[in-house]
Structure formats: C-alpha cells, structure tokens
>>> print(open('input.tsv').read())   # TSV, C-alpha atoms (C1' of nucleotides)
chain	number	residue	atom	x	y	z
A	4	MET	CA	16.55	-19.56	16.20
A	5	ALA	CA	17.87	-23.14	16.44
A	6	ASP	CA	14.31	-24.34	17.09
A	7	PHE	CA	13.08	-22.50	14.07
A	8	ALA	CA	15.87	-23.93	11.90
A	9	ALA	CA	15.00	-27.45	13.07
A	10	GLN	CA	11.35	-26.83	12.30
A	11	LEU	CA	12.27	-25.63	8.82
A	12	SER	CA	14.46	-28.71	8.33
A	13	LYS	CA	11.58	-31.00	9.11
A	14	GLU	CA	9.29	-29.13	6.80
A	15	ILE	CA	11.83	-29.15	3.97
A	16	ASP	CA	12.29	-32.92	4.33
A	17	THR	CA	8.58	-33.58	4.21
A	18	LEU	CA	8.07	-31.28	1.23
A	19	GLU	CA	10.99	-32.90	-0.57
A	20	LYS	CA	9.47	-36.36	-0.20
A	21	THR	CA	6.02	-35.17	-1.26
A	22	ILE	CA	7.37	-33.33	-4.29
A	23	CYS	CA	9.57	-36.20	-5.48
A	24	ARG	CA	6.64	-38.61	-5.08
A	25	MET	CA	4.44	-36.33	-7.19
A	26	ALA	CA	7.19	-35.93	-9.79
A	27	GLY	CA	7.82	-39.69	-9.86
A	28	THR	CA	11.56	-39.14	-9.52
A	29	THR	CA	14.13	-37.73	-7.13
A	30	PHE	CA	16.01	-34.60	-8.13
A	31	ASN	CA	17.71	-31.59	-6.57
A	32	LEU	CA	14.90	-29.19	-5.73
A	33	ASN	CA	17.42	-26.40	-5.30
A	34	SER	CA	18.49	-26.63	-8.92
A	35	PRO	CA	16.30	-24.38	-11.09
A	36	ARG	CA	17.56	-26.20	-14.16
A	37	GLN	CA	16.62	-29.67	-12.93
A	38	LEU	CA	13.33	-28.33	-11.67
A	39	GLY	CA	12.48	-26.74	-15.02
A	40	GLN	CA	13.22	-29.98	-16.85
A	41	ILE	CA	10.98	-31.98	-14.51
A	42	LEU	CA	8.08	-29.53	-14.70
A	43	PHE	CA	8.18	-28.63	-18.36
A	44	ASP	CA	9.94	-31.51	-20.20
A	45	VAL	CA	8.80	-34.52	-18.16
A	46	MET	CA	5.48	-33.45	-16.63
A	47	LYS	CA	4.64	-30.91	-19.33
A	48	ILE	CA	2.46	-28.84	-17.01
A	49	CYS	CA	2.57	-25.81	-19.30
A	50	GLU	CA	2.00	-25.27	-23.03
A	51	ALA	CA	4.61	-22.65	-23.77
A	52	PRO	CA	7.06	-22.36	-20.87
A	53	LYS	CA	9.01	-19.14	-20.62
A	54	LYS	CA	12.80	-19.32	-20.86
A	55	THR	CA	15.63	-17.23	-19.47
A	56	LYS	CA	18.13	-15.55	-21.75
A	57	THR	CA	20.41	-18.57	-21.46
A	58	GLY	CA	17.68	-20.93	-22.66
A	59	GLN	CA	16.81	-22.45	-19.29
A	60	TYR	CA	13.20	-22.69	-18.22
A	61	THR	CA	12.09	-19.84	-15.98
A	62	THR	CA	11.01	-21.13	-12.56
A	63	ASP	CA	10.88	-17.91	-10.58
A	64	GLU	CA	8.15	-17.16	-8.11
A	65	GLN	CA	5.99	-15.19	-10.52
A	66	THR	CA	6.01	-18.04	-13.04
A	67	LEU	CA	5.34	-20.75	-10.48
A	68	ALA	CA	2.61	-18.75	-8.74
A	69	ALA	CA	0.64	-18.61	-11.98
A	70	LEU	CA	0.78	-22.43	-12.24
A	71	ALA	CA	0.23	-23.20	-8.57
A	72	PRO	CA	-3.61	-23.16	-8.56
A	73	ASP	CA	-3.73	-25.98	-11.15
A	74	HIS	CA	-0.76	-28.03	-9.95
A	75	GLU	CA	-0.28	-29.05	-6.36
A	76	ILE	CA	3.36	-29.91	-6.95
A	77	VAL	CA	4.05	-26.29	-7.86
A	78	GLN	CA	2.35	-25.06	-4.71
A	79	ARG	CA	4.56	-27.42	-2.68
A	80	LEU	CA	7.63	-26.21	-4.55
A	81	LEU	CA	6.88	-22.61	-3.62
A	82	GLU	CA	6.59	-23.63	0.02
A	83	HIS	CA	9.89	-25.48	-0.30
A	84	ARG	CA	11.57	-22.42	-1.80
A	85	THR	CA	10.41	-20.17	1.04
A	86	ALA	CA	11.50	-22.62	3.72
A	87	SER	CA	14.91	-23.23	2.08
A	88	LYS	CA	15.55	-19.51	1.72
A	89	LEU	CA	14.71	-18.77	5.34
A	90	LYS	CA	16.82	-21.64	6.60
A	91	SER	CA	19.96	-21.21	4.53
A	92	THR	CA	20.17	-17.43	4.37
A	93	TYR	CA	18.93	-16.58	7.86
A	94	ALA	CA	18.15	-19.34	10.36
A	95	ASP	CA	21.47	-21.15	9.73
A	96	ALA	CA	23.66	-18.24	8.67
A	97	LEU	CA	22.94	-15.64	11.35
A	98	PRO	CA	23.83	-17.76	14.40
A	99	ALA	CA	27.00	-18.81	12.56
A	100	ALA	CA	27.88	-15.13	12.07
A	101	ILE	CA	27.98	-14.36	15.79
A	102	TRP	CA	31.37	-13.07	16.89
A	103	PRO	CA	32.69	-15.13	19.80
A	104	ARG	CA	34.32	-12.04	21.32
A	105	THR	CA	31.10	-10.03	21.55
A	106	GLY	CA	28.33	-12.60	21.28
A	107	ARG	CA	26.74	-10.43	18.57
A	108	VAL	CA	26.54	-10.19	14.82
A	109	HIS	CA	28.42	-7.25	13.33
A	110	THR	CA	27.80	-6.18	9.76
A	111	THR	CA	30.10	-4.12	7.55
A	112	TYR	CA	28.65	-0.99	5.97
A	113	ASN	CA	30.26	0.27	2.81
A	114	GLN	CA	29.98	3.98	2.05
A	115	VAL	CA	31.25	3.89	-1.52
A	116	MET	CA	29.77	0.81	-3.17
A	117	THR	CA	26.42	1.84	-4.61
A	118	THR	CA	25.79	4.01	-7.64
A	119	THR	CA	23.23	6.17	-5.87
A	120	GLY	CA	24.91	6.96	-2.55
A	121	ARG	CA	23.12	4.42	-0.44
A	122	LEU	CA	25.03	2.38	2.09
A	123	ASN	CA	25.18	-1.34	1.64
A	124	SER	CA	25.65	-4.02	4.24
A	125	GLN	CA	27.52	-7.30	4.03
A	126	ASN	CA	28.89	-10.24	6.00
A	127	PRO	CA	26.15	-10.56	7.05
A	128	ASN	CA	23.73	-8.33	5.17
A	129	LEU	CA	21.53	-6.82	7.87
A	130	GLN	CA	19.56	-4.69	5.43
A	131	ASN	CA	17.52	-7.61	4.08
A	132	ILE	CA	16.28	-9.35	7.20
A	133	PRO	CA	12.81	-10.79	6.43
A	134	ILE	CA	9.72	-8.87	7.54
A	135	ARG	CA	7.01	-9.26	4.91
A	136	SER	CA	5.93	-12.84	5.57
A	137	GLU	CA	4.64	-14.20	8.81
A	138	ARG	CA	7.45	-16.73	9.03
A	139	GLY	CA	9.99	-14.16	7.99
A	140	GLN	CA	9.06	-12.27	11.11
A	141	GLU	CA	10.21	-15.27	13.15
A	142	ILE	CA	13.73	-14.37	12.05
A	143	ARG	CA	13.31	-10.80	13.31
A	144	LYS	CA	12.43	-12.05	16.76
A	145	ALA	CA	16.06	-13.16	17.16
A	146	PHE	CA	17.16	-9.52	17.20
A	147	VAL	CA	16.88	-8.24	20.75
A	148	PRO	CA	18.23	-5.38	22.89
A	149	ARG	CA	21.49	-5.89	24.78
A	150	SER	CA	19.87	-6.29	28.18
A	151	SER	CA	16.66	-5.82	30.09
A	152	GLU	CA	17.56	-2.15	30.57
A	153	TYR	CA	17.29	-1.58	26.83
A	154	ARG	CA	14.65	-1.69	24.12
A	155	LEU	CA	15.01	-1.65	20.35
A	156	LEU	CA	13.88	1.61	18.77
A	157	SER	CA	13.16	1.77	15.07
A	158	ALA	CA	12.59	5.15	13.40
A	159	ASP	CA	11.78	5.36	9.72
A	160	TYR	CA	10.93	8.06	7.22
A	161	SER	CA	7.40	7.92	5.85
A	162	GLN	CA	7.34	7.80	2.03
A	163	ILE	CA	10.63	9.63	1.85
A	164	GLU	CA	11.26	9.14	-1.86
A	165	LEU	CA	7.81	10.37	-2.84
A	166	ARG	CA	8.25	13.45	-0.67
A	167	ILE	CA	11.58	14.12	-2.37
A	168	ILE	CA	9.88	13.82	-5.77
A	169	ALA	CA	7.30	16.36	-4.62
A	170	ALA	CA	10.00	18.75	-3.42
A	171	LEU	CA	12.26	18.40	-6.47
A	172	SER	CA	9.42	18.67	-8.99
A	173	ARG	CA	7.47	21.33	-7.07
A	174	GLU	CA	4.36	19.61	-8.45
A	175	PRO	CA	1.45	21.44	-6.74
A	176	GLY	CA	-0.87	18.41	-6.61
A	177	LEU	CA	1.66	16.21	-4.86
A	178	LEU	CA	2.86	18.99	-2.53
A	179	GLU	CA	-0.75	19.69	-1.62
A	180	ALA	CA	-1.34	16.04	-0.74
A	181	PHE	CA	1.63	15.98	1.62
A	182	ARG	CA	0.83	19.37	3.15
A	183	THR	CA	-2.75	18.44	3.96
A	184	GLY	CA	-1.68	15.09	5.32
A	185	VAL	CA	-4.14	12.96	3.33
A	186	ASP	CA	-3.03	9.48	2.35
A	187	VAL	CA	-0.92	10.20	-0.70
A	188	HIS	CA	-1.76	6.99	-2.57
A	189	THR	CA	-5.46	7.61	-2.05
A	190	ALA	CA	-5.03	11.20	-3.22
A	191	THR	CA	-3.19	9.96	-6.31
A	192	ALA	CA	-5.96	7.44	-7.02
A	193	ALA	CA	-8.62	10.14	-6.70
A	194	LYS	CA	-6.83	12.27	-9.29
A	195	VAL	CA	-5.97	9.48	-11.69
A	196	TYR	CA	-9.47	7.98	-11.63
A	197	GLY	CA	-11.26	11.32	-11.36
A	198	VAL	CA	-13.30	10.50	-8.26
A	199	PHE	CA	-13.74	12.02	-4.81
A	200	LEU	CA	-11.32	10.87	-2.11
A	201	GLU	CA	-14.12	9.01	-0.31
A	202	LEU	CA	-14.88	6.96	-3.42
A	203	VAL	CA	-11.37	5.55	-3.89
A	204	THR	CA	-11.55	1.75	-3.66
A	205	PRO	CA	-8.73	-0.42	-2.25
A	206	GLU	CA	-8.06	-1.63	-5.80
A	207	MET	CA	-7.72	1.93	-7.10
A	208	ARG	CA	-5.40	2.78	-4.22
A	209	ARG	CA	-3.26	-0.30	-4.85
A	210	LYS	CA	-2.74	0.69	-8.46
A	211	ALA	CA	-2.04	4.32	-7.61
A	212	LYS	CA	0.54	3.17	-5.06
A	213	MET	CA	2.35	1.16	-7.71
A	214	VAL	CA	2.30	4.19	-10.01
A	215	ASN	CA	3.82	6.34	-7.28
A	216	TYR	CA	6.58	3.80	-6.72
A	217	GLY	CA	7.00	3.46	-10.46
A	218	ILE	CA	7.56	7.19	-10.85
A	219	ALA	CA	10.65	6.94	-8.66
A	220	TYR	CA	11.97	4.15	-10.87
A	221	GLY	CA	11.42	6.00	-14.15
A	222	ILE	CA	8.07	4.44	-14.92
A	223	SER	CA	7.31	2.39	-18.05
A	224	ALA	CA	3.96	1.05	-19.17
A	225	PHE	CA	5.44	-2.42	-19.47
A	226	GLY	CA	6.89	-2.36	-15.96
A	227	LEU	CA	3.66	-1.12	-14.46
A	228	SER	CA	1.54	-3.67	-16.34
A	229	GLN	CA	3.82	-6.48	-15.12
A	230	ARG	CA	3.68	-5.36	-11.50
A	231	LEU	CA	-0.07	-4.88	-11.51
A	232	GLY	CA	-0.89	-7.85	-13.72
A	233	ILE	CA	-2.97	-5.64	-16.01
A	234	PRO	CA	-2.97	-5.20	-19.81
A	235	ARG	CA	-0.31	-2.85	-21.09
A	236	LYS	CA	-3.01	-0.69	-22.62
A	237	GLU	CA	-4.55	-0.07	-19.21
A	238	ALA	CA	-1.13	0.80	-17.81
A	239	VAL	CA	-0.60	3.31	-20.62
A	240	GLU	CA	-3.92	4.97	-19.78
A	241	ILE	CA	-3.16	5.14	-16.07
A	242	ILE	CA	0.24	6.72	-16.71
A	243	GLN	CA	-1.21	9.21	-19.20
A	244	GLN	CA	-3.87	10.18	-16.71
A	245	TYR	CA	-1.20	10.54	-14.01
A	246	PHE	CA	0.88	12.94	-16.07
A	247	THR	CA	-2.22	14.94	-17.00
A	248	GLN	CA	-3.07	15.35	-13.33
A	249	PHE	CA	0.52	15.92	-12.18
A	250	PRO	CA	2.12	17.85	-15.06
A	251	GLY	CA	4.97	19.00	-12.83
A	252	ILE	CA	6.22	15.43	-12.53
A	253	ARG	CA	6.48	15.00	-16.27
A	254	LYS	CA	8.30	18.31	-16.58
A	255	TYR	CA	10.69	17.34	-13.80
A	256	MET	CA	11.45	14.02	-15.51
A	257	ASP	CA	12.00	15.73	-18.88
A	258	ASP	CA	14.22	18.37	-17.30
A	259	THR	CA	16.25	15.74	-15.45
A	260	MET	CA	16.86	13.78	-18.66
A	261	ALA	CA	17.81	16.98	-20.49
A	262	PHE	CA	20.27	17.83	-17.71
A	263	ALA	CA	21.81	14.38	-18.02
A	264	ARG	CA	22.17	14.73	-21.80
A	265	GLU	CA	23.83	18.12	-21.43
A	266	HIS	CA	26.18	17.38	-18.52
A	267	GLY	CA	26.57	13.60	-18.62
A	268	TYR	CA	25.51	13.24	-14.99
A	269	VAL	CA	22.63	13.90	-12.60
A	270	GLN	CA	22.89	14.98	-8.98
A	271	THR	CA	21.23	14.78	-5.59
A	272	VAL	CA	20.20	17.69	-3.37
A	273	THR	CA	23.71	17.81	-1.88
A	274	GLY	CA	25.44	17.61	-5.26
A	275	ARG	CA	26.33	13.93	-5.25
A	276	ARG	CA	26.71	12.91	-8.90
A	277	ARG	CA	25.83	9.82	-10.84
A	278	TYR	CA	27.36	9.78	-14.28
A	279	ILE	CA	24.97	8.54	-16.98
A	280	ARG	CA	27.17	7.33	-19.81
A	281	ASP	CA	24.43	5.94	-22.06
A	282	ILE	CA	21.97	8.81	-21.90
A	283	SER	CA	22.36	9.52	-25.65
A	284	SER	CA	22.81	5.95	-26.83
A	285	SER	CA	21.26	5.12	-30.20
A	286	ASN	CA	20.14	1.77	-28.78
A	287	ASN	CA	16.60	2.28	-27.47
A	288	THR	CA	16.86	-0.29	-24.71
A	289	VAL	CA	20.19	1.01	-23.48
A	290	ARG	CA	19.07	4.63	-23.64
A	291	SER	CA	15.79	3.92	-21.87
A	292	ALA	CA	17.62	2.16	-19.05
A	293	ALA	CA	19.93	5.18	-18.76
A	294	GLU	CA	16.95	7.50	-18.62
A	295	ARG	CA	15.41	5.50	-15.77
A	296	ASN	CA	18.75	5.65	-13.94
A	297	ALA	CA	18.82	9.43	-14.47
A	298	ILE	CA	15.35	9.78	-12.98
A	299	ASN	CA	15.90	7.41	-10.07
A	300	ALA	CA	19.39	8.40	-8.92
A	301	PRO	CA	18.59	11.91	-7.61
A	302	ILE	CA	15.54	10.57	-5.79
A	303	GLN	CA	17.09	7.51	-4.17
A	304	GLY	CA	20.37	9.38	-3.71
A	305	SER	CA	18.82	12.42	-2.03
A	306	ALA	CA	17.04	10.14	0.43
A	307	ALA	CA	20.42	8.51	1.12
A	308	ASP	CA	22.06	11.92	1.64
A	309	MET	CA	19.34	12.86	4.06
A	310	ILE	CA	19.55	9.84	6.30
A	311	LYS	CA	23.36	9.96	6.32
A	312	ILE	CA	23.27	13.57	7.56
A	313	ALA	CA	20.71	12.56	10.16
A	314	MET	CA	23.00	9.72	11.29
A	315	ILE	CA	25.93	12.10	11.76
A	316	ASN	CA	23.84	14.57	13.74
A	317	ILE	CA	22.26	11.87	15.89
A	318	HIS	CA	25.61	10.28	16.62
A	319	ARG	CA	26.98	13.68	17.66
A	320	GLU	CA	24.10	14.10	20.11
A	321	LEU	CA	24.45	10.60	21.56
A	322	THR	CA	28.15	11.01	22.23
A	323	GLY	CA	27.96	14.72	23.18
A	324	ARG	CA	25.32	14.04	25.79
A	325	LYS	CA	27.14	10.91	26.95
A	326	LEU	CA	24.05	8.80	26.42
A	327	LYS	CA	24.00	5.02	26.70
A	328	THR	CA	21.72	4.61	23.71
A	329	ARG	CA	23.55	3.29	20.63
A	330	MET	CA	22.79	3.52	16.93
A	331	LEU	CA	22.85	-0.05	15.60
A	332	LEU	CA	21.56	-0.26	12.05
A	333	GLN	CA	20.61	1.73	8.99
A	334	VAL	CA	18.19	0.20	6.49
A	335	HIS	CA	17.94	2.91	3.81
A	336	ASP	CA	15.05	4.87	5.32
A	337	GLU	CA	15.19	3.46	8.83
A	338	LEU	CA	17.47	3.71	11.85
A	339	VAL	CA	17.53	1.12	14.61
A	340	PHE	CA	18.80	1.94	18.09
A	341	ASP	CA	19.59	0.07	21.26
A	342	LEU	CA	17.66	2.47	23.44
A	343	HIS	CA	18.49	2.76	27.12
A	344	THR	CA	15.02	2.75	28.67
A	345	ALA	CA	15.73	5.65	31.01
A	346	GLU	CA	16.75	7.81	28.04
A	347	GLU	CA	13.54	7.34	26.10
A	348	LYS	CA	12.09	10.79	26.87
A	349	GLU	CA	15.29	12.45	25.70
A	350	VAL	CA	16.22	10.25	22.73
A	351	LEU	CA	12.89	9.85	20.95
A	352	PRO	CA	12.29	13.56	20.29
A	353	MET	CA	15.96	14.08	19.44
A	354	VAL	CA	16.00	11.29	16.85
A	355	GLU	CA	12.77	12.52	15.33
A	356	GLU	CA	14.00	16.08	15.15
A	357	LYS	CA	17.37	15.17	13.62
A	358	MET	CA	15.75	12.95	11.01
A	359	LYS	CA	13.24	15.63	10.06
A	360	THR	CA	15.75	18.47	9.87
A	361	ALA	CA	18.70	16.72	8.21
A	362	ILE	CA	17.87	18.48	4.95
A	363	THR	CA	15.16	21.13	4.65
A	364	LEU	CA	12.70	20.54	1.83
A	365	ASP	CA	9.54	22.39	0.83
A	366	VAL	CA	7.50	19.42	1.94
A	367	PRO	CA	6.77	18.15	5.44
A	368	LEU	CA	8.84	15.18	6.57
A	369	VAL	CA	7.24	12.57	8.81
B	16	DG	C1'	32.98	-16.95	-12.20
B	17	DT	C1'	28.20	-16.70	-13.84
B	18	DA	C1'	23.29	-17.46	-13.68
B	19	DA	C1'	19.06	-17.95	-11.25
B	20	DT	C1'	16.50	-16.97	-7.41
B	21	DC	C1'	14.79	-14.32	-3.53
B	22	DA	C1'	15.42	-11.48	0.89
B	23	DC	C1'	15.19	-6.16	1.85
B	24	DG	C1'	14.38	-0.67	0.90
C	24	DA	C1'	9.93	-6.78	-33.19
C	25	DC	C1'	12.55	-5.89	-29.28
C	26	DG	C1'	12.93	-5.70	-24.18
C	27	DT	C1'	12.15	-2.74	-19.89
C	28	DA	C1'	10.44	-0.65	-13.87
C	29	DC	C1'	15.37	1.62	-9.18
C	30	DG	C1'	19.16	0.06	-5.60
C	31	DT	C1'	21.46	-3.92	-3.09
C	32	DG	C1'	23.76	-9.23	-1.02
C	33	DA	C1'	23.55	-14.33	-0.04
C	34	DT	C1'	22.82	-18.91	-1.44
C	35	DT	C1'	22.92	-22.62	-4.59
C	36	DA	C1'	24.00	-25.03	-8.82
C	37	DC	C1'	27.03	-25.69	-12.40
C	38	DA	C1'	30.68	-25.07	-15.91
>>> encode(input="input.tsv", output="structure tokens")
Amino acid sequence: MADFAAQLSKEIDTLEKTICRMAGTTFNLNSPRQLGQILFDVMKICEAPKKTKTGQYTTDEQTLAALAPDHEIVQRLLEHRTASKLKSTYADALPAAIWPRTGRVHTTYNQVMTTTGRLNSQNPNLQNIPIRSERGQEIRKAFVPRSSEYRLLSADYSQIELRIIAALSREPGLLEAFRTGVDVHTATAAKVYGVFLELVTPEMRRKAKMVNYGIAYGISAFGLSQRLGIPRKEAVEIIQQYFTQFPGIRKYMDDTMAFAREHGYVQTVTGRRRYIRDISSSNNTVRSAAERNAINAPIQGSAADMIKIAMINIHRELTGRKLKTRMLLQVHDELVFDLHTAEEKEVLPMVEEKMKTAITLDVPLV
DNA sequence: GTAATCACG
DNA sequence: ACGTACGTGATTACA
C-alpha cells in the first residue's frame, strides 16, 4: 500500500505541473471553485458553463468528461482527481486506521442510522472500498486473510433488489424471467424492444439494465435520460414500453404510493417502516421525491432485512459449530468471511443456504 | 458547518 | 418553467 501511495504521489506531482503549465498559472487543483474559475473564466473552454445551486461552476466528473475530448487539460484533471481520491481516501487513510493492538482495521457498523434499514460503516468506511477501476482494485489487494491457513470468502446476492421487486409486485413477466434463469436485463430488453432474446444487442441490454435499476429508485424519464445520455423523449418511450410489458410493476408502484398516502409510511417484508412525510405535498418536486422514497424504501429495506437475518443465522452456525471461520464485513448485498481453509466444505454450503433462506420469497434467490 | 466531489451498493 | 433517479461516508476547500 505504501508503494502504491508513493506511486500516486509521483503521478499527482507530475499531473499538477503539467496542468498548471497548460493553465499558465498555479492554483489549488483540489479546489473546485478555483478550478472552475480557471477553466471557464480564464480559459473559457466552454460557451455556457453549468453552475451549482450556489452559483459556482460545476466541475464534476460528468461535466469534465464531456469536455475532455477537446481539451487535454481537462483529461489531465480527471486523472488528477482519480489519483488524489485514491491516495487521500484509501492509500493514505487505511494504513493510518490500523489499530496498533490488533494490527488490523476495524470499522464501526451502525444499525440505526439509515432511513431504509441498511447498515452503514464508518471510521473507516469499509463499504466503499474501490473495485470498479483497475487502479481501485490495487486498494483491494491490501485486504488479506489473517494467515496462510485462511482465505477470504465473498458471498453476494445476485440482483437481490430486482428479485424483491418481482416478488412484491408479483409481476408475471419478471417472475418468469427469474424462474427460467435467463439473464434478466436481456429478458427486459427483449420485452421493451419487442425482439427475440437472441436479437438483443449489448446496447439494448445496457439500456434495459438502467431501466431495471431505475425502477428500484422510483424511475423518472429525466433521471433515465441523464444516466443513459439519451433524449428525454426516448426515455419516456422506453419507460412507457416497460410499463406496457410489465403492468404489474406499475400497479405495485401505484399501490405503494396509495398506501403511503393513506398511512403516512411504507414498510418492508418484515414490517420495518419508513415514514413518508411529504407524500401529499402540494409542491411537485417535494412530492415526487417522496414518491420515489416510498417506492425505493421497501425494496432497499427488504434486501437489508434479508441480509441481516442471514447474518444472524450464519453467526449462530459459526459459533454453534465452534468454527474458526469469522464473518468480517457486510457490504449491503455481500458478506465477506475469513474462511479457515479446512472448513471450506462445511462453510460454503452453509453460508449459501442461510443467505438463500433468510426470507422466503416467491422468486428464486441466487 | 456547508458545499462539492467521488468512492461503494 | 421548474427540477428530479435510491441509500451511504470521507476528503477537501472555504466561510
């Protein structure tokens, strides 16, 4: 990890020099305000720069990525951002968080912080360790089993929220997809675009996948168009087509909102409540946000209920059978264990079984 | 203390 | 015309 931090340091220094040379001035690259002024006031690389609600120039990744192809300085800035983030939040912070007494990092899980029933993790947060980028994965390599007798085991639910949507809505099309085991995003694409499964292109699947995620968030045409980088009109058509093909989902969403209006809360499969104060607000924006919360909370919250029950049952087995394997981390739909190698044949099936049977739904869990 | 940004599910 | 996907935490700048 120290090597990686040093490598990042070097890279950040070089990028800083290059960027300041291109800008013709030195400034604090970590200050979004200073950066916005350099790019948009001094260099004027954009006709009509977007601003945040406080009047500053927007310099987030999405904005910079759009400008990067035409401006090398912006490309370098994005590289600088990535390197700085990895160094400050992970490469420097994690070694500093090691407890002298144990030689390990220990996070704190809170059980009563989130609105949906998820756990959260802090000091340090071990639920947002990088994985998506190649260099982010360098950080993951620092996490190792306790000794050569152990291996790390990671077990995660496959598409848990979408399966919960299928079970709660009883939508036949979605249930069918999960029961037959076809790729659910491909199946969704086939329905939305009205083609055979074999004729679904990667592009169609990508869009259908975003729709499926969007459903769990209380989809909006604007949100979908932003995520997919498509015209809002196209997003409207995709969503309309989706609800035509999966009418049970629309009914479930309508019923959930009606329940929230009547009772003032929504609930998960175990009865965990989220109160939705603004569900009848006369302000469209406020009400719409409340409606999305009402849709999302039972889905995200039921998944949280499920994995918590699994954790309890797995812990009971590990202690009851006096196993050496230890449960280390929970990352929302994933459990990580320090697996004693000799216990593999016993622990793997047990973990899988407990995760699958934590809560019984009318949809297969994988 | 707040805003902006970005890491994760 | 407005302003929007859900849930989090850490870091940095800045008032």
>>> closest_residue(input="input.tsv", among="A:Lys54, A:Lys47, A:Lys194, A:Lys359", to="B:DA19", atoms="all atoms listed in the file")
A:Lys54
>>> interface_residues(input="input.tsv", of="chain C", to="chain A", cutoff="6 Å", atoms="only C-alpha atoms (C1' of nucleotides)", output="list in words")
DA28, DC29 and DA36 of chain C
>>> interface_residues(input="input.tsv", of="chain B", to="chain A", cutoff="6 Å", atoms="all atoms listed in the file", output="CSV table (one decimal) with C-alpha atoms (C1' of nucleotides), in the frame of the given file")
chain,number,residue,atom,x,y,z
B,22,DA,C1',15.4,-11.5,0.9
B,23,DC,C1',15.2,-6.2,1.8
B,24,DG,C1',14.4,-0.7,0.9
>>> residues_around(input="input.tsv", residues="A:Arg280", least_positions_apart="3", cutoff="8 Å", atoms="only C-alpha atoms (C1' of nucleotides)", output="ChimeraX atom specification")
/A:267-268,283,293
>>> write_last_selection(input="input.tsv", atoms="C-alpha atoms", output="mmCIF file, in the coordinates of the input")
data_model
loop_
_atom_site.group_PDB
_atom_site.id
_atom_site.type_symbol
_atom_site.label_atom_id
_atom_site.label_comp_id
_atom_site.auth_asym_id
_atom_site.auth_seq_id
_atom_site.Cartn_x
_atom_site.Cartn_y
_atom_site.Cartn_z
ATOM 1 C CA GLY A 267 26.570 13.600 -18.620
ATOM 2 C CA TYR A 268 25.510 13.240 -14.990
ATOM 3 C CA SER A 283 22.360 9.520 -25.650
ATOM 4 C CA ALA A 293 19.930 5.180 -18.760
#
>>> closest_residue(input="input.tsv", among="A:Phe7, A:Gln65, A:Lys212, A:Leu80", to="A:Thr21", atoms="all atoms listed in the file")
A:Leu80
>>> residues_around(input="input.tsv", residues="A:Leu81", least_positions_apart="3", cutoff="12 Å", atoms="only C-alpha atoms (C1' of nucleotides)", output="JSON list (two decimals) with C-alpha atoms (C1' of nucleotides), in the frame of the given file")
[["chain", "number", "residue", "atom", "x", "y", "z"],
["A", 15, "ILE", "CA", 11.83, -29.15, 3.97],
["A", 18, "LEU", "CA", 8.07, -31.28, 1.23],
["A", 19, "GLU", "CA", 10.99, -32.90, -0.57],
["A", 22, "ILE", "CA", 7.37, -33.33, -4.29],
["A", 32, "LEU", "CA", 14.90, -29.19, -5.73],
["A", 33, "ASN", "CA", 17.42, -26.40, -5.30],
["A", 38, "LEU", "CA", 13.33, -28.33, -11.67],
["A", 62, "THR", "CA", 11.01, -21.13, -12.56],
["A", 63, "ASP", "CA", 10.88, -17.91, -10.58],
["A", 64, "GLU", "CA", 8.15, -17.16, -8.11],
["A", 65, "GLN", "CA", 5.99, -15.19, -10.52],
["A", 66, "THR", "CA", 6.01, -18.04, -13.04],
["A", 67, "LEU", "CA", 5.34, -20.75, -10.48],
["A", 68, "ALA", "CA", 2.61, -18.75, -8.74],
["A", 69, "ALA", "CA", 0.64, -18.61, -11.98],
["A", 70, "LEU", "CA", 0.78, -22.43, -12.24],
["A", 71, "ALA", "CA", 0.23, -23.20, -8.57],
["A", 72, "PRO", "CA", -3.61, -23.16, -8.56],
["A", 74, "HIS", "CA", -0.76, -28.03, -9.95],
["A", 75, "GLU", "CA", -0.28, -29.05, -6.36],
["A", 76, "ILE", "CA", 3.36, -29.91, -6.95],
["A", 77, "VAL", "CA", 4.05, -26.29, -7.86],
["A", 78, "GLN", "CA", 2.35, -25.06, -4.71],
["A", 84, "ARG", "CA", 11.57, -22.42, -1.80],
["A", 85, "THR", "CA", 10.41, -20.17, 1.04],
["A", 86, "ALA", "CA", 11.50, -22.62, 3.72],
["A", 87, "SER", "CA", 14.91, -23.23, 2.08],
["A", 88, "LYS", "CA", 15.55, -19.51, 1.72],
["B", 20, "DT", "C1'", 16.50, -16.97, -7.41],
["B", 21, "DC", "C1'", 14.79, -14.32, -3.53]]
>>> atom_distance(input="input.tsv", atom1="atom CA of A:Ile48", atom2="atom CA of A:Ser136")
27.9 Å
>>> atom_distance(input="input.tsv", atom1="atom C1' of C:DG32", atom2="atom CA of A:Arg79")
26.5 Å
>>> atom_distance(input="input.tsv", atom1="atom CA of A:Pro234", atom2="atom CA of A:Val195")
17.0 Å
>>> residues_around(input="input.tsv", residues="stretch 180-188 of chain A", least_positions_apart="2", cutoff="8 Å", atoms="all atoms listed in the file", output="JSON, numbers by chain")
{"A": [166, 176, 177, 178, 190, 191, 192, 208, 209, 211, 212, 215, 366, 367]}
>>> write_last_selection(input="input.tsv", atoms="C-alpha atoms", output="JSON list (two decimals), in the frame of the given file")
[["chain", "number", "residue", "atom", "x", "y", "z"],
["A", 166, "ARG", "CA", 8.25, 13.45, -0.67],
["A", 176, "GLY", "CA", -0.87, 18.41, -6.61],
["A", 177, "LEU", "CA", 1.66, 16.21, -4.86],
["A", 178, "LEU", "CA", 2.86, 18.99, -2.53],
["A", 190, "ALA", "CA", -5.03, 11.20, -3.22],
["A", 191, "THR", "CA", -3.19, 9.96, -6.31],
["A", 192, "ALA", "CA", -5.96, 7.44, -7.02],
["A", 208, "ARG", "CA", -5.40, 2.78, -4.22],
["A", 209, "ARG", "CA", -3.26, -0.30, -4.85],
["A", 211, "ALA", "CA", -2.04, 4.32, -7.61],
["A", 212, "LYS", "CA", 0.54, 3.17, -5.06],
["A", 215, "ASN", "CA", 3.82, 6.34, -7.28],
["A", 366, "VAL", "CA", 7.50, 19.42, 1.94],
["A", 367, "PRO", "CA", 6.77, 18.15, 5.44]]
>>> axis_aligned_box(input="input.tsv", around="chain B", padding_each_side="8 Å", output="AutoDock Vina command-line options")
--center_x 23.7 --center_y -9.3 --center_z -6.0 --size_x 34.6 --size_y 33.3 --size_z 31.7
>>> residues_around(input="input.tsv", residues="C:DA38", least_positions_apart="3", cutoff="12 Å", atoms="only C-alpha atoms (C1' of nucleotides)", output="list in words")
DG16, DT17 and DA18 of chain B
